[in-house]
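J.: Data file run_35.pdb (PDB, C-alpha atoms) is appended below.
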```
ATOM      1  CA  MET A 132       0.000   0.000   0.000  1.00  0.00           C
ATOM      2  CA  ILE A 133       1.065   3.573  -0.595  1.00  0.00           C
ATOM      3  CA  ARG A 134      -0.036   6.407   1.628  1.00  0.00           C
ATOM      4  CA  ALA A 135      -0.911   9.875   0.350  1.00  0.00           C
ATOM      5  CA  THR A 136      -0.475  12.454   3.078  1.00  0.00           C
ATOM      6  CA  ALA A 137       1.204  15.730   3.959  1.00  0.00           C
ATOM      7  CA  LYS A 138       4.192  13.747   5.270  1.00  0.00           C
ATOM      8  CA  SER A 139       3.726  10.028   4.957  1.00  0.00           C
ATOM      9  CA  SER A 140       7.274   9.374   6.159  1.00  0.00           C
ATOM     10  CA  PRO A 141      10.425  11.445   6.621  1.00  0.00           C
ATOM     11  CA  GLY A 142      11.407  12.991   3.311  1.00  0.00           C
ATOM     12  CA  SER A 143       8.817  11.209   1.197  1.00  0.00           C
ATOM     13  CA  PRO A 144       5.265  12.162   0.172  1.00  0.00           C
ATOM     14  CA  ALA A 145       4.316   8.573  -0.680  1.00  0.00           C
ATOM     15  CA  THR A 146       6.059   5.590   0.825  1.00  0.00           C
ATOM     16  CA  SER A 147       5.331   1.861   0.898  1.00  0.00           C
ATOM     17  CA  SER A 148       4.050   0.674   4.236  1.00  0.00           C
ATOM     18  CA  PRO A 149       2.603  -2.555   5.660  1.00  0.00           C
ATOM     19  CA  ARG A 150      -0.428  -0.603   6.838  1.00  0.00           C
ATOM     20  CA  PRO A 151      -1.720   2.873   6.083  1.00  0.00           C
ATOM     21  CA  GLU A 152      -1.527   5.529   8.771  1.00  0.00           C
ATOM     22  CA  ARG A 153      -4.408   7.764   9.806  1.00  0.00           C
ATOM     23  CA  PRO A 154      -5.761  10.412   9.414  1.00  0.00           C
ATOM     24  CA  SER A 155      -3.978  10.470   6.055  1.00  0.00           C
ATOM     25  CA  GLY A 156      -5.326   9.075   2.823  1.00  0.00           C
ATOM     26  CA  PHE A 157      -3.915   5.871   1.408  1.00  0.00           C
ATOM     27  CA  PHE A 158      -3.577   4.076  -1.874  1.00  0.00           C
ATOM     28  CA  ILE A 159      -3.790   0.334  -2.403  1.00  0.00           C
ATOM     29  CA  PRO A 160      -1.888  -0.456  -5.611  1.00  0.00           C
ATOM     30  CA  ASP A 161      -3.081  -4.061  -5.895  1.00  0.00           C
ATOM     31  CA  PHE A 162      -5.839  -4.083  -3.351  1.00  0.00           C
ATOM     32  CA  ALA A 163      -6.914  -7.740  -3.341  1.00  0.00           C
ATOM     33  CA  ASP A 164      -3.661  -9.690  -3.528  1.00  0.00           C
ATOM     34  CA  SER A 165      -1.553  -7.174  -1.599  1.00  0.00           C
ATOM     35  CA  MET A 166      -3.735  -7.354   1.480  1.00  0.00           C
ATOM     36  CA  PHE A 167      -5.047 -10.887   1.712  1.00  0.00           C
ATOM     37  CA  GLY A 168      -3.687 -12.935  -1.161  1.00  0.00           C
ATOM     38  CA  PRO A 169      -6.166 -14.598  -3.542  1.00  0.00           C
ATOM     39  CA  VAL A 170      -9.668 -14.355  -2.099  1.00  0.00           C
ATOM     40  CA  PRO A 171     -13.125 -15.467  -3.240  1.00  0.00           C
ATOM     41  CA  ALA A 172     -15.298 -12.926  -4.977  1.00  0.00           C
ATOM     42  CA  ALA A 173     -17.866 -10.954  -3.024  1.00  0.00           C
ATOM     43  CA  LYS A 174     -21.516 -11.868  -3.283  1.00  0.00           C
ATOM     44  CA  PRO A 175     -22.732 -10.398  -6.575  1.00  0.00           C
ATOM     45  CA  GLU A 176     -25.726  -8.649  -4.994  1.00  0.00           C
ATOM     46  CA  VAL A 177     -23.494  -6.288  -2.989  1.00  0.00           C
ATOM     47  CA  PHE A 178     -22.872  -4.033  -6.018  1.00  0.00           C
ATOM     48  CA  PRO A 179     -24.922  -3.253  -9.146  1.00  0.00           C
ATOM     49  CA  ALA A 180     -24.061  -5.639 -11.964  1.00  0.00           C
ATOM     50  CA  SER A 181     -23.026  -2.808 -14.281  1.00  0.00           C
ATOM     51  CA  ALA A 182     -20.089  -1.909 -12.004  1.00  0.00           C
ATOM     52  CA  ALA A 183     -18.218  -5.053 -13.047  1.00  0.00           C
ATOM     53  CA  GLY A 184     -17.854  -3.588 -16.532  1.00  0.00           C
ATOM     54  CA  TRP A 185     -15.877  -0.675 -15.114  1.00  0.00           C
ATOM     55  CA  THR A 186     -13.931  -1.778 -12.053  1.00  0.00           C
ATOM     56  CA  ARG A 187     -12.428  -4.763 -10.233  1.00  0.00           C
ATOM     57  CA  LEU A 188     -13.698  -3.188  -7.028  1.00  0.00           C
ATOM     58  CA  ALA A 189     -17.079  -4.660  -7.902  1.00  0.00           C
ATOM     59  CA  SER A 190     -15.692  -8.161  -7.198  1.00  0.00           C
ATOM     60  CA  VAL A 191     -13.711  -7.613  -3.990  1.00  0.00           C
ATOM     61  CA  SER A 192     -14.038 -10.192  -1.237  1.00  0.00           C
ATOM     62  CA  GLU A 193     -16.386  -9.609   1.660  1.00  0.00           C
ATOM     63  CA  ALA A 194     -13.376  -9.273   3.977  1.00  0.00           C
ATOM     64  CA  LEU A 195     -11.696  -6.627   1.843  1.00  0.00           C
ATOM     65  CA  HIS A 196     -14.963  -4.766   1.348  1.00  0.00           C
ATOM     66  CA  ALA A 197     -15.371  -4.610   5.118  1.00  0.00           C
ATOM     67  CA  THR A 198     -11.822  -3.226   5.389  1.00  0.00           C
ATOM     68  CA  LEU A 199     -12.512  -0.533   2.808  1.00  0.00           C
ATOM     69  CA  ARG A 200     -15.690   0.539   4.595  1.00  0.00           C
ATOM     70  CA  GLN A 201     -13.795   0.710   7.883  1.00  0.00           C
ATOM     71  CA  GLU A 202     -10.979   2.745   6.331  1.00  0.00           C
ATOM     72  CA  PHE A 203     -13.529   5.273   5.082  1.00  0.00           C
ATOM     73  CA  ILE A 204     -15.183   5.552   8.475  1.00  0.00           C
ATOM     74  CA  GLU A 205     -11.836   5.992  10.237  1.00  0.00           C
ATOM     75  CA  GLY A 206     -10.595   8.594   7.754  1.00  0.00           C
ATOM     76  CA  GLY A 207     -10.197  11.371  10.305  1.00  0.00           C
ATOM     77  CA  ARG A 208     -11.860  14.772  10.130  1.00  0.00           C
ATOM     78  CA  VAL A 209     -12.874  14.103   6.518  1.00  0.00           C
ATOM     79  CA  PRO A 210     -13.913  10.452   6.051  1.00  0.00           C
ATOM     80  CA  HIS A 211     -12.248   9.268   2.869  1.00  0.00           C
ATOM     81  CA  LEU A 212     -10.838   6.413   0.839  1.00  0.00           C
ATOM     82  CA  CYS A 213      -8.053   6.447  -1.802  1.00  0.00           C
ATOM     83  CA  LEU A 214      -7.510   3.560  -4.200  1.00  0.00           C
ATOM     84  CA  ARG A 215      -5.160   2.976  -7.111  1.00  0.00           C
ATOM     85  CA  ASP A 216      -6.021   0.792 -10.110  1.00  0.00           C
ATOM     86  CA  ALA A 217      -9.581   1.940  -9.607  1.00  0.00           C
ATOM     87  CA  LEU A 218     -10.866   1.086 -13.079  1.00  0.00           C
ATOM     88  CA  LEU A 219     -10.166  -1.824 -15.380  1.00  0.00           C
ATOM     89  CA  PRO A 220      -6.888  -1.040 -17.211  1.00  0.00           C
ATOM     90  CA  GLU A 221      -8.482  -0.947 -20.645  1.00  0.00           C
ATOM     91  CA  ARG A 222     -11.175   1.414 -19.365  1.00  0.00           C
ATOM     92  CA  ALA A 223      -8.613   3.774 -17.815  1.00  0.00           C
ATOM     93  CA  GLU A 224      -6.558   3.856 -21.027  1.00  0.00           C
ATOM     94  CA  ALA A 225      -9.617   4.582 -23.158  1.00  0.00           C
ATOM     95  CA  LEU A 226     -10.684   7.348 -20.783  1.00  0.00           C
ATOM     96  CA  HIS A 227      -7.241   8.939 -20.862  1.00  0.00           C
ATOM     97  CA  GLN A 228      -7.340   9.084 -24.651  1.00  0.00           C
ATOM     98  CA  ALA A 229     -10.926  10.376 -24.655  1.00  0.00           C
ATOM     99  CA  LEU A 230      -9.942  13.163 -22.258  1.00  0.00           C
ATOM    100  CA  ARG A 231      -7.093  14.184 -24.550  1.00  0.00           C
ATOM    101  CA  ASP A 232      -9.598  14.364 -27.426  1.00  0.00           C
ATOM    102  CA  ALA A 233     -12.410  16.075 -25.468  1.00  0.00           C
ATOM    103  CA  HIS A 234     -13.651  19.616 -26.062  1.00  0.00           C
ATOM    104  CA  PHE A 235     -12.745  21.843 -23.094  1.00  0.00           C
ATOM    105  CA  VAL A 236     -13.747  25.429 -22.317  1.00  0.00           C
ATOM    106  CA  ARG A 237     -12.802  27.860 -19.579  1.00  0.00           C
ATOM    107  CA  HIS A 238     -14.728  27.322 -16.338  1.00  0.00           C
ATOM    108  CA  HIS A 239     -17.821  29.533 -16.328  1.00  0.00           C
ATOM    109  CA  HIS A 240     -17.076  30.772 -12.788  1.00  0.00           C
ATOM    110  CA  GLY A 241     -14.355  33.415 -13.067  1.00  0.00           C
ATOM    111  CA  PRO A 242     -12.499  32.706  -9.791  1.00  0.00           C
ATOM    112  CA  TYR A 243     -11.923  29.093 -10.922  1.00  0.00           C
ATOM    113  CA  PRO A 244      -9.016  29.294 -13.407  1.00  0.00           C
ATOM    114  CA  LEU A 245      -9.243  25.884 -15.057  1.00  0.00           C
ATOM    115  CA  HIS A 246     -10.980  24.156 -17.978  1.00  0.00           C
ATOM    116  CA  ILE A 247     -14.054  21.934 -18.007  1.00  0.00           C
ATOM    117  CA  ALA A 248     -15.569  19.679 -20.673  1.00  0.00           C
ATOM    118  CA  PRO A 249     -19.340  20.258 -20.840  1.00  0.00           C
ATOM    119  CA  LEU A 250     -20.827  16.814 -21.349  1.00  0.00           C
ATOM    120  CA  LYS A 251     -23.512  18.000 -23.769  1.00  0.00           C
ATOM    121  CA  GLN A 252     -20.795  19.314 -26.082  1.00  0.00           C
ATOM    122  CA  GLN A 253     -18.869  16.025 -26.320  1.00  0.00           C
ATOM    123  CA  ALA A 254     -18.978  13.473 -29.101  1.00  0.00           C
ATOM    124  CA  PRO A 255     -19.850   9.928 -27.949  1.00  0.00           C
ATOM    125  CA  SER A 256     -16.753   8.329 -26.440  1.00  0.00           C
ATOM    126  CA  ALA A 257     -15.427   6.326 -23.505  1.00  0.00           C
ATOM    127  CA  LEU A 258     -15.651   9.571 -21.527  1.00  0.00           C
ATOM    128  CA  THR A 259     -19.353  10.127 -22.177  1.00  0.00           C
ATOM    129  CA  ASP A 260     -20.071   6.456 -21.432  1.00  0.00           C
ATOM    130  CA  PHE A 261     -18.241   6.670 -18.093  1.00  0.00           C
ATOM    131  CA  CYS A 262     -19.969   9.896 -17.114  1.00  0.00           C
ATOM    132  CA  ALA A 263     -23.346   8.410 -18.030  1.00  0.00           C
ATOM    133  CA  TRP A 264     -22.611   5.474 -15.710  1.00  0.00           C
ATOM    134  CA  LEU A 265     -21.561   7.827 -12.903  1.00  0.00           C
ATOM    135  CA  GLN A 266     -24.813   9.740 -13.391  1.00  0.00           C
ATOM    136  CA  SER A 267     -26.921   6.583 -13.282  1.00  0.00           C
ATOM    137  CA  ALA A 268     -28.643   5.027 -10.277  1.00  0.00           C
ATOM    138  CA  ASP A 269     -26.153   2.145 -10.549  1.00  0.00           C
ATOM    139  CA  GLY A 270     -23.175   4.509 -10.404  1.00  0.00           C
ATOM    140  CA  ALA A 271     -24.496   6.207  -7.288  1.00  0.00           C
ATOM    141  CA  ALA A 272     -25.395   2.898  -5.623  1.00  0.00           C
ATOM    142  CA  PHE A 273     -21.975   1.392  -6.322  1.00  0.00           C
ATOM    143  CA  HIS A 274     -20.014   4.209  -4.691  1.00  0.00           C
ATOM    144  CA  ALA A 275     -22.383   4.383  -1.730  1.00  0.00           C
ATOM    145  CA  ALA A 276     -22.055   0.629  -1.172  1.00  0.00           C
ATOM    146  CA  LEU A 277     -18.275   0.702  -1.581  1.00  0.00           C
ATOM    147  CA  VAL A 278     -17.788   2.977   1.432  1.00  0.00           C
ATOM    148  CA  GLY A 279     -20.833   1.751   3.358  1.00  0.00           C
ATOM    149  CA  TRP A 280     -22.827   4.991   3.153  1.00  0.00           C
ATOM    150  CA  PRO A 281     -25.962   4.358   5.232  1.00  0.00           C
ATOM    151  CA  GLU A 282     -28.527   6.312   3.182  1.00  0.00           C
ATOM    152  CA  PRO A 283     -29.603   6.204  -0.486  1.00  0.00           C
ATOM    153  CA  LEU A 284     -27.672   8.599  -2.723  1.00  0.00           C
ATOM    154  CA  GLU A 285     -28.131  10.050  -6.182  1.00  0.00           C
ATOM    155  CA  THR A 286     -25.661  11.665  -8.565  1.00  0.00           C
ATOM    156  CA  ARG A 287     -26.346  15.392  -8.836  1.00  0.00           C
ATOM    157  CA  GLN A 288     -23.438  16.443 -11.046  1.00  0.00           C
ATOM    158  CA  VAL A 289     -20.453  15.082 -12.956  1.00  0.00           C
ATOM    159  CA  GLN A 290     -17.655  17.494 -13.840  1.00  0.00           C
ATOM    160  CA  VAL A 291     -14.760  16.801 -16.196  1.00  0.00           C
ATOM    161  CA  SER A 292     -11.799  19.096 -15.653  1.00  0.00           C
ATOM    162  CA  ARG A 293      -8.374  19.829 -17.110  1.00  0.00           C
ATOM    163  CA  MET A 294      -5.550  21.932 -15.741  1.00  0.00           C
ATOM    164  CA  ASP A 295      -2.884  23.542 -17.877  1.00  0.00           C
ATOM    165  CA  VAL A 296       0.233  25.328 -16.646  1.00  0.00           C
ATOM    166  CA  GLY A 297      -0.638  28.124 -14.210  1.00  0.00           C
ATOM    167  CA  GLU A 298      -4.120  26.845 -13.462  1.00  0.00           C
ATOM    168  CA  PHE A 299      -5.399  25.828 -10.035  1.00  0.00           C
ATOM    169  CA  PHE A 300      -8.622  25.361  -8.069  1.00  0.00           C
ATOM    170  CA  PRO A 301      -8.917  27.782  -5.123  1.00  0.00           C
ATOM    171  CA  GLU A 302     -10.188  26.672  -1.739  1.00  0.00           C
ATOM    172  CA  HIS A 303     -13.918  25.957  -1.723  1.00  0.00           C
ATOM    173  CA  ARG A 304     -16.605  23.762  -0.208  1.00  0.00           C
ATOM    174  CA  ASP A 305     -18.521  21.575  -2.621  1.00  0.00           C
ATOM    175  CA  THR A 306     -21.784  21.364  -0.696  1.00  0.00           C
ATOM    176  CA  ASP A 307     -23.522  21.604   2.659  1.00  0.00           C
ATOM    177  CA  GLU A 308     -25.541  18.479   1.867  1.00  0.00           C
ATOM    178  CA  GLU A 309     -24.624  14.991   2.995  1.00  0.00           C
ATOM    179  CA  GLY A 310     -23.073  12.590   0.527  1.00  0.00           C
ATOM    180  CA  LEU A 311     -19.903  11.835  -1.387  1.00  0.00           C
ATOM    181  CA  ALA A 312     -17.520  13.546  -3.755  1.00  0.00           C
ATOM    182  CA  VAL A 313     -15.834  10.950  -5.987  1.00  0.00           C
ATOM    183  CA  VAL A 314     -12.706  12.052  -7.869  1.00  0.00           C
ATOM    184  CA  TYR A 315     -11.241   9.816 -10.589  1.00  0.00           C
ATOM    185  CA  ASN A 316      -7.762  10.879 -11.745  1.00  0.00           C
ATOM    186  CA  PHE A 317      -6.377  10.354 -15.247  1.00  0.00           C
ATOM    187  CA  THR A 318      -3.168  12.389 -15.065  1.00  0.00           C
ATOM    188  CA  ARG A 319      -0.111  10.832 -16.686  1.00  0.00           C
ATOM    189  CA  PRO A 320       2.691  11.352 -16.133  1.00  0.00           C
ATOM    190  CA  TRP A 321       2.687  12.943 -12.678  1.00  0.00           C
ATOM    191  CA  GLU A 322       5.594  14.054 -10.521  1.00  0.00           C
ATOM    192  CA  ASP A 323       5.527  15.950  -7.232  1.00  0.00           C
ATOM    193  CA  ARG A 324       7.082  19.008  -8.904  1.00  0.00           C
ATOM    194  CA  PHE A 325       4.108  19.218 -11.291  1.00  0.00           C
ATOM    195  CA  GLY A 326       1.694  20.291  -8.524  1.00  0.00           C
ATOM    196  CA  GLY A 327      -2.026  19.671  -9.040  1.00  0.00           C
ATOM    197  CA  VAL A 328      -2.362  18.130  -5.574  1.00  0.00           C
ATOM    198  CA  LEU A 329      -5.757  18.008  -3.872  1.00  0.00           C
ATOM    199  CA  THR A 330      -5.271  19.394  -0.363  1.00  0.00           C
ATOM    200  CA  PHE A 331      -7.426  19.749   2.738  1.00  0.00           C
ATOM    201  CA  ARG A 332      -6.505  22.517   5.163  1.00  0.00           C
ATOM    202  CA  HIS A 333      -6.324  21.750   8.859  1.00  0.00           C
ATOM    203  CA  PRO A 334      -9.022  23.793  10.628  1.00  0.00           C
ATOM    204  CA  GLU A 335      -6.876  24.567  13.673  1.00  0.00           C
ATOM    205  CA  VAL A 336      -3.337  25.105  12.386  1.00  0.00           C
ATOM    206  CA  ASP A 337      -1.776  26.673   9.306  1.00  0.00           C
ATOM    207  CA  ALA A 338      -1.029  23.400   7.531  1.00  0.00           C
ATOM    208  CA  ASP A 339      -2.573  20.814   5.255  1.00  0.00           C
ATOM    209  CA  MET A 340      -4.009  17.833   7.079  1.00  0.00           C
ATOM    210  CA  MET A 341      -4.206  15.762   3.886  1.00  0.00           C
ATOM    211  CA  ARG A 342      -2.632  15.887   0.413  1.00  0.00           C
ATOM    212  CA  VAL A 343      -3.801  13.621  -2.412  1.00  0.00           C
ATOM    213  CA  PRO A 344      -1.711  13.410  -5.615  1.00  0.00           C
ATOM    214  CA  PRO A 345      -3.584  12.947  -8.932  1.00  0.00           C
ATOM    215  CA  LEU A 346      -2.112   9.531  -9.745  1.00  0.00           C
ATOM    216  CA  PHE A 347      -3.299   7.880 -12.951  1.00  0.00           C
ATOM    217  CA  ASN A 348      -6.309   5.560 -12.529  1.00  0.00           C
ATOM    218  CA  SER A 349      -6.795   6.402  -8.866  1.00  0.00           C
ATOM    219  CA  VAL A 350     -10.035   7.315  -7.123  1.00  0.00           C
ATOM    220  CA  PHE A 351     -10.464   9.510  -4.065  1.00  0.00           C
ATOM    221  CA  ILE A 352     -13.826   9.339  -2.296  1.00  0.00           C
ATOM    222  CA  PHE A 353     -14.640  11.676   0.574  1.00  0.00           C
ATOM    223  CA  ARG A 354     -17.553  12.988   2.601  1.00  0.00           C
ATOM    224  CA  ALA A 355     -18.427  16.151   0.715  1.00  0.00           C
ATOM    225  CA  LYS A 356     -20.323  18.133   3.346  1.00  0.00           C
ATOM    226  CA  GLY A 357     -18.497  21.245   4.527  1.00  0.00           C
ATOM    227  CA  ALA A 358     -14.980  20.028   3.667  1.00  0.00           C
ATOM    228  CA  PRO A 359     -12.775  22.947   2.507  1.00  0.00           C
ATOM    229  CA  HIS A 360     -10.228  21.866  -0.084  1.00  0.00           C
ATOM    230  CA  ARG A 361      -8.261  23.147  -3.051  1.00  0.00           C
ATOM    231  CA  VAL A 362      -6.042  21.937  -5.903  1.00  0.00           C
ATOM    232  CA  THR A 363      -2.550  23.416  -6.039  1.00  0.00           C
ATOM    233  CA  GLU A 364      -1.207  25.120  -9.150  1.00  0.00           C
ATOM    234  CA  TRP A 365      -0.190  23.020 -12.142  1.00  0.00           C
ATOM    235  CA  THR A 366       3.336  24.348 -12.421  1.00  0.00           C
ATOM    236  CA  SER A 367       5.630  25.195 -15.317  1.00  0.00           C
ATOM    237  CA  GLU A 368       7.523  21.981 -14.521  1.00  0.00           C
ATOM    238  CA  ALA A 369       4.551  20.136 -16.055  1.00  0.00           C
ATOM    239  CA  ARG A 370       4.692  21.999 -19.374  1.00  0.00           C
ATOM    240  CA  GLY A 371       3.453  19.741 -22.154  1.00  0.00           C
ATOM    241  CA  HIS A 372       1.246  17.719 -19.774  1.00  0.00           C
ATOM    242  CA  GLN A 373      -2.240  18.267 -18.365  1.00  0.00           C
ATOM    243  CA  ARG A 374      -4.021  17.258 -15.178  1.00  0.00           C
ATOM    244  CA  TYR A 375      -7.273  15.398 -15.912  1.00  0.00           C
ATOM    245  CA  SER A 376     -10.010  14.404 -13.492  1.00  0.00           C
ATOM    246  CA  VAL A 377     -13.661  13.356 -13.471  1.00  0.00           C
ATOM    247  CA  THR A 378     -15.603  14.268 -10.330  1.00  0.00           C
ATOM    248  CA  ALA A 379     -19.065  13.035  -9.370  1.00  0.00           C
ATOM    249  CA  PHE A 380     -21.124  14.611  -6.598  1.00  0.00           C
ATOM    250  CA  ILE A 381     -23.242  11.796  -5.206  1.00  0.00           C
ATOM    251  CA  LEU A 382     -25.521  13.275  -2.560  1.00  0.00           C
ATOM    252  CA  ALA A 383     -28.532  12.398  -0.417  1.00  0.00           C
ATOM    253  CA  LYS A 384     -31.660  11.666  -2.421  1.00  0.00           C
ATOM    254  CA  ARG A 385     -34.134  14.537  -2.493  1.00  0.00           C
TER     255      ARG A 385
END
```
Spell out the structure here as structure tokens.

T.:
Amino acid sequence: MIRATAKSSPGSPATSSPRPERPSGFFIPDFADSMFGPVPAAKPEVFPASAAGWTRLASVSEALHATLRQEFIEGGRVPHLCLRDALLPERAEALHQALRDAHFVRHHHGPYPLHIAPLKQQAPSALTDFCAWLQSADGAAFHAALVGWPEPLETRQVQVSRMDVGEFFPEHRDTDEEGLAVVYNFTRPWEDRFGGVLTFRHPEVDADMMRVPPLFNSVFIFRAKGAPHRVTEWTSEARGHQRYSVTAFILAKR
């Protein structure tokens, strides 16, 4: 497992460890075999059937699923879960290419200096298929079940974003409603000097309590209500590369 935190170990922002530390985020590079070895598949009724077409997480063992739910619950001030290899490899590759080909425009809200891809302006692609699944009842139910969210949720919005050099996302709160923000990352390559790190400010001291790098084919799921966060600037060191993400806001049913 690899932890993603402000300082996961001396001198390293992401270091292998037998167990993740809290309240930092963590990544599981090969979540099934790395934790328990080969395990039987979970009961199929736990997740919507459509999820299996997108992610191996839909077939985790009951034991691992229980661990993931517990990790979310014990995620500190902002309950959260970080996983690598979130989507099937072929799906992640197709999405990366579709993002490179997508039509992006400047964000409509002036203080947010980044680009978004309005879904209604996109040609049919792996990207539009993925966003349609995230927007579906199955997509909402899968993510709620994955972290053990106790109430029914529905997807309110899916946003596709791109950062170029000099762009960033200033500190903001997504919502005051209960539910989840689900961030899928498709940035490749990524190095620490590139920036583009999702950070959560500590409410009591002048420091970040959590830093999440935008690693390719990772997902970061967190409780969205009242959680101030930002994305650091995509620096000139990343010239020639872009930061790509797809974020779903999956909130309490109205």

J.: Write out as a PyMOL selection string each polymer residue whose atoms come within 10 Å of Pro283 of chain A, counting all atoms listed in the file; drop sequence neighbours fewer than 2 positions from it.

T.: chain A and resi 268+271-272+275-276+280-281+285+310+381-385

J.: Applying 7 Å and all atoms listed in the file, which residues near segment 198-208 of chain A remain after dropping the ones on its own chain fewer than 2 positions away? List them as a count of residues only.

T.: 11

J.: In Å to one decimal, how far is atom CA of Cys262 of chain A from atom CA of Asp232 of chain A?

T.: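 Answer for the atom CA of Asp232 of chain A to atom CA of Cys262 of chain A separation: 15.3 Å.
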
J.: Using all atoms listed in the file, find the one residue out of A:Phe299, A:Phe261, A:Phe347, A:Phe353 that sits nearest to Thr366 of chain A.

T.: A:Phe299

J.: List every protein, DNA or RNA residue with an atom no more than 10 Å from (-19.5, -3.5, -9.7) in the file's coordinates, counting all atoms listed in the file, and format the result as a PyMOL selection string.

T.: chain A and resi 175-191+269-270+272-274+276-277

J.: Please produce a file of those selected residues containing C-alpha atoms, as a PDB file, in the coordinates of the input.

T.:
```
ATOM      1  CA  PRO A 175     -22.732 -10.398  -6.575  1.00  0.00           C
ATOM      2  CA  GLU A 176     -25.726  -8.649  -4.994  1.00  0.00           C
ATOM      3  CA  VAL A 177     -23.494  -6.288  -2.989  1.00  0.00           C
ATOM      4  CA  PHE A 178     -22.872  -4.033  -6.018  1.00  0.00           C
ATOM      5  CA  PRO A 179     -24.922  -3.253  -9.146  1.00  0.00           C
ATOM      6  CA  ALA A 180     -24.061  -5.639 -11.964  1.00  0.00           C
ATOM      7  CA  SER A 181     -23.026  -2.808 -14.281  1.00  0.00           C
ATOM      8  CA  ALA A 182     -20.089  -1.909 -12.004  1.00  0.00           C
ATOM      9  CA  ALA A 183     -18.218  -5.053 -13.047  1.00  0.00           C
ATOM     10  CA  GLY A 184     -17.854  -3.588 -16.532  1.00  0.00           C
ATOM     11  CA  TRP A 185     -15.877  -0.675 -15.114  1.00  0.00           C
ATOM     12  CA  THR A 186     -13.931  -1.778 -12.053  1.00  0.00           C
ATOM     13  CA  ARG A 187     -12.428  -4.763 -10.233  1.00  0.00           C
ATOM     14  CA  LEU A 188     -13.698  -3.188  -7.028  1.00  0.00           C
ATOM     15  CA  ALA A 189     -17.079  -4.660  -7.902  1.00  0.00           C
ATOM     16  CA  SER A 190     -15.692  -8.161  -7.198  1.00  0.00           C
ATOM     17  CA  VAL A 191     -13.711  -7.613  -3.990  1.00  0.00           C
ATOM     18  CA  ASP A 269     -26.153   2.145 -10.549  1.00  0.00           C
ATOM     19  CA  GLY A 270     -23.175   4.509 -10.404  1.00  0.00           C
ATOM     20  CA  ALA A 272     -25.395   2.898  -5.623  1.00  0.00           C
ATOM     21  CA  PHE A 273     -21.975   1.392  -6.322  1.00  0.00           C
ATOM     22  CA  HIS A 274     -20.014   4.209  -4.691  1.00  0.00           C
ATOM     23  CA  ALA A 276     -22.055   0.629  -1.172  1.00  0.00           C
ATOM     24  CA  LEU A 277     -18.275   0.702  -1.581  1.00  0.00           C
TER      25      LEU A 277
END
```

J.: Please expand the PyMOL selection byres ((chain A and resi 298) around 7) into the concrete residues it hits in this file, giving the result as an mmCIF file with C-alpha atoms, in the frame of the given file.

T.:
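Saved result, expr_37.cif, follows:
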```
data_model
loop_
_atom_site.group_PDB
_atom_site.id
_atom_site.type_symbol
_atom_site.label_atom_id
_atom_site.label_comp_id
_atom_site.auth_asym_id
_atom_site.auth_seq_id
_atom_site.Cartn_x
_atom_site.Cartn_y
_atom_site.Cartn_z
ATOM 1 C CA PRO A 244 -9.016 29.294 -13.407
ATOM 2 C CA LEU A 245 -9.243 25.884 -15.057
ATOM 3 C CA MET A 294 -5.550 21.932 -15.741
ATOM 4 C CA ASP A 295 -2.884 23.542 -17.877
ATOM 5 C CA VAL A 296 0.233 25.328 -16.646
ATOM 6 C CA GLY A 297 -0.638 28.124 -14.210
ATOM 7 C CA PHE A 299 -5.399 25.828 -10.035
ATOM 8 C CA GLU A 364 -1.207 25.120 -9.150
ATOM 9 C CA TRP A 365 -0.190 23.020 -12.142
#
```

J.: Rounded to one decimal, what separation in Å do you get between atom CA of Ser256 of chain A and atom CA of Phe380 of chain A?

T.: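 Taking atom CA of Ser256 of chain A as the start and atom CA of Phe380 of chain A as the end point, the length is 21.3 Å.
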
J.: Running the PyMOL selection byres ((chain A and resi 359) around 8) on this model by hand, what would come out? Give it as a PDB file with C-alpha atoms, keeping the file's coordinate frame.

T.:
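Wrote it out as part02.pdb, contents follow:
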```pdb
ATOM      1  CA  GLU A 302     -10.188  26.672  -1.739  1.00  0.00           C
ATOM      2  CA  HIS A 303     -13.918  25.957  -1.723  1.00  0.00           C
ATOM      3  CA  ARG A 304     -16.605  23.762  -0.208  1.00  0.00           C
ATOM      4  CA  ASP A 305     -18.521  21.575  -2.621  1.00  0.00           C
ATOM      5  CA  PHE A 331      -7.426  19.749   2.738  1.00  0.00           C
ATOM      6  CA  ARG A 332      -6.505  22.517   5.163  1.00  0.00           C
ATOM      7  CA  GLY A 357     -18.497  21.245   4.527  1.00  0.00           C
ATOM      8  CA  ALA A 358     -14.980  20.028   3.667  1.00  0.00           C
ATOM      9  CA  HIS A 360     -10.228  21.866  -0.084  1.00  0.00           C
ATOM     10  CA  ARG A 361      -8.261  23.147  -3.051  1.00  0.00           C
TER      11      ARG A 361
END
```

J.: Between A:Asp307, A:Asn348, A:Arg370, A:Ser292, single out the one closest to Gly326 of chain A, counting all atoms listed in the file.

T.: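 So, comparing all the options, the nearest one is A:Arg370.
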
J.: Tell me, as JSON, numbers by chain, which residues lie within 7 Å of segment 249-253 of chain A, counting only C-alpha atoms; anything in the same chain fewer than 3 positions away does not count.

T.: {"A": [233, 234, 259]}

J.: Spell out the residues picked by the PyMOL selection byres ((chain A and resi 328) around 12) here, as a ChimeraX atom specification.

T.: /A:135-137,144,294,298-301,316,318,321-327,329-331,339,341-346,351,360-366,374-376

J.: Which residues are close to Tyr315 of chain A, i.e. within 6 Å by all atoms listed in the file, leaving aside same-chain residues fewer than 3 positions away? Reply as an NGL selection string.

T.: :A and (349-350 or 376-377)

J.: Taking all atoms listed in the file into account, name the residue in A:His333, A:Arg293, A:Lys356, A:Arg222 that is nearest to Leu311 of chain A.

T.: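 Smallest distance to Leu311 of chain A is found for A:Lys356.
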
J.: Report, in Å with one decimal, the straight-line distance from atom CA of Thr286 of chain A to atom CA of Leu258 of chain A.

T.: 16.5 Å
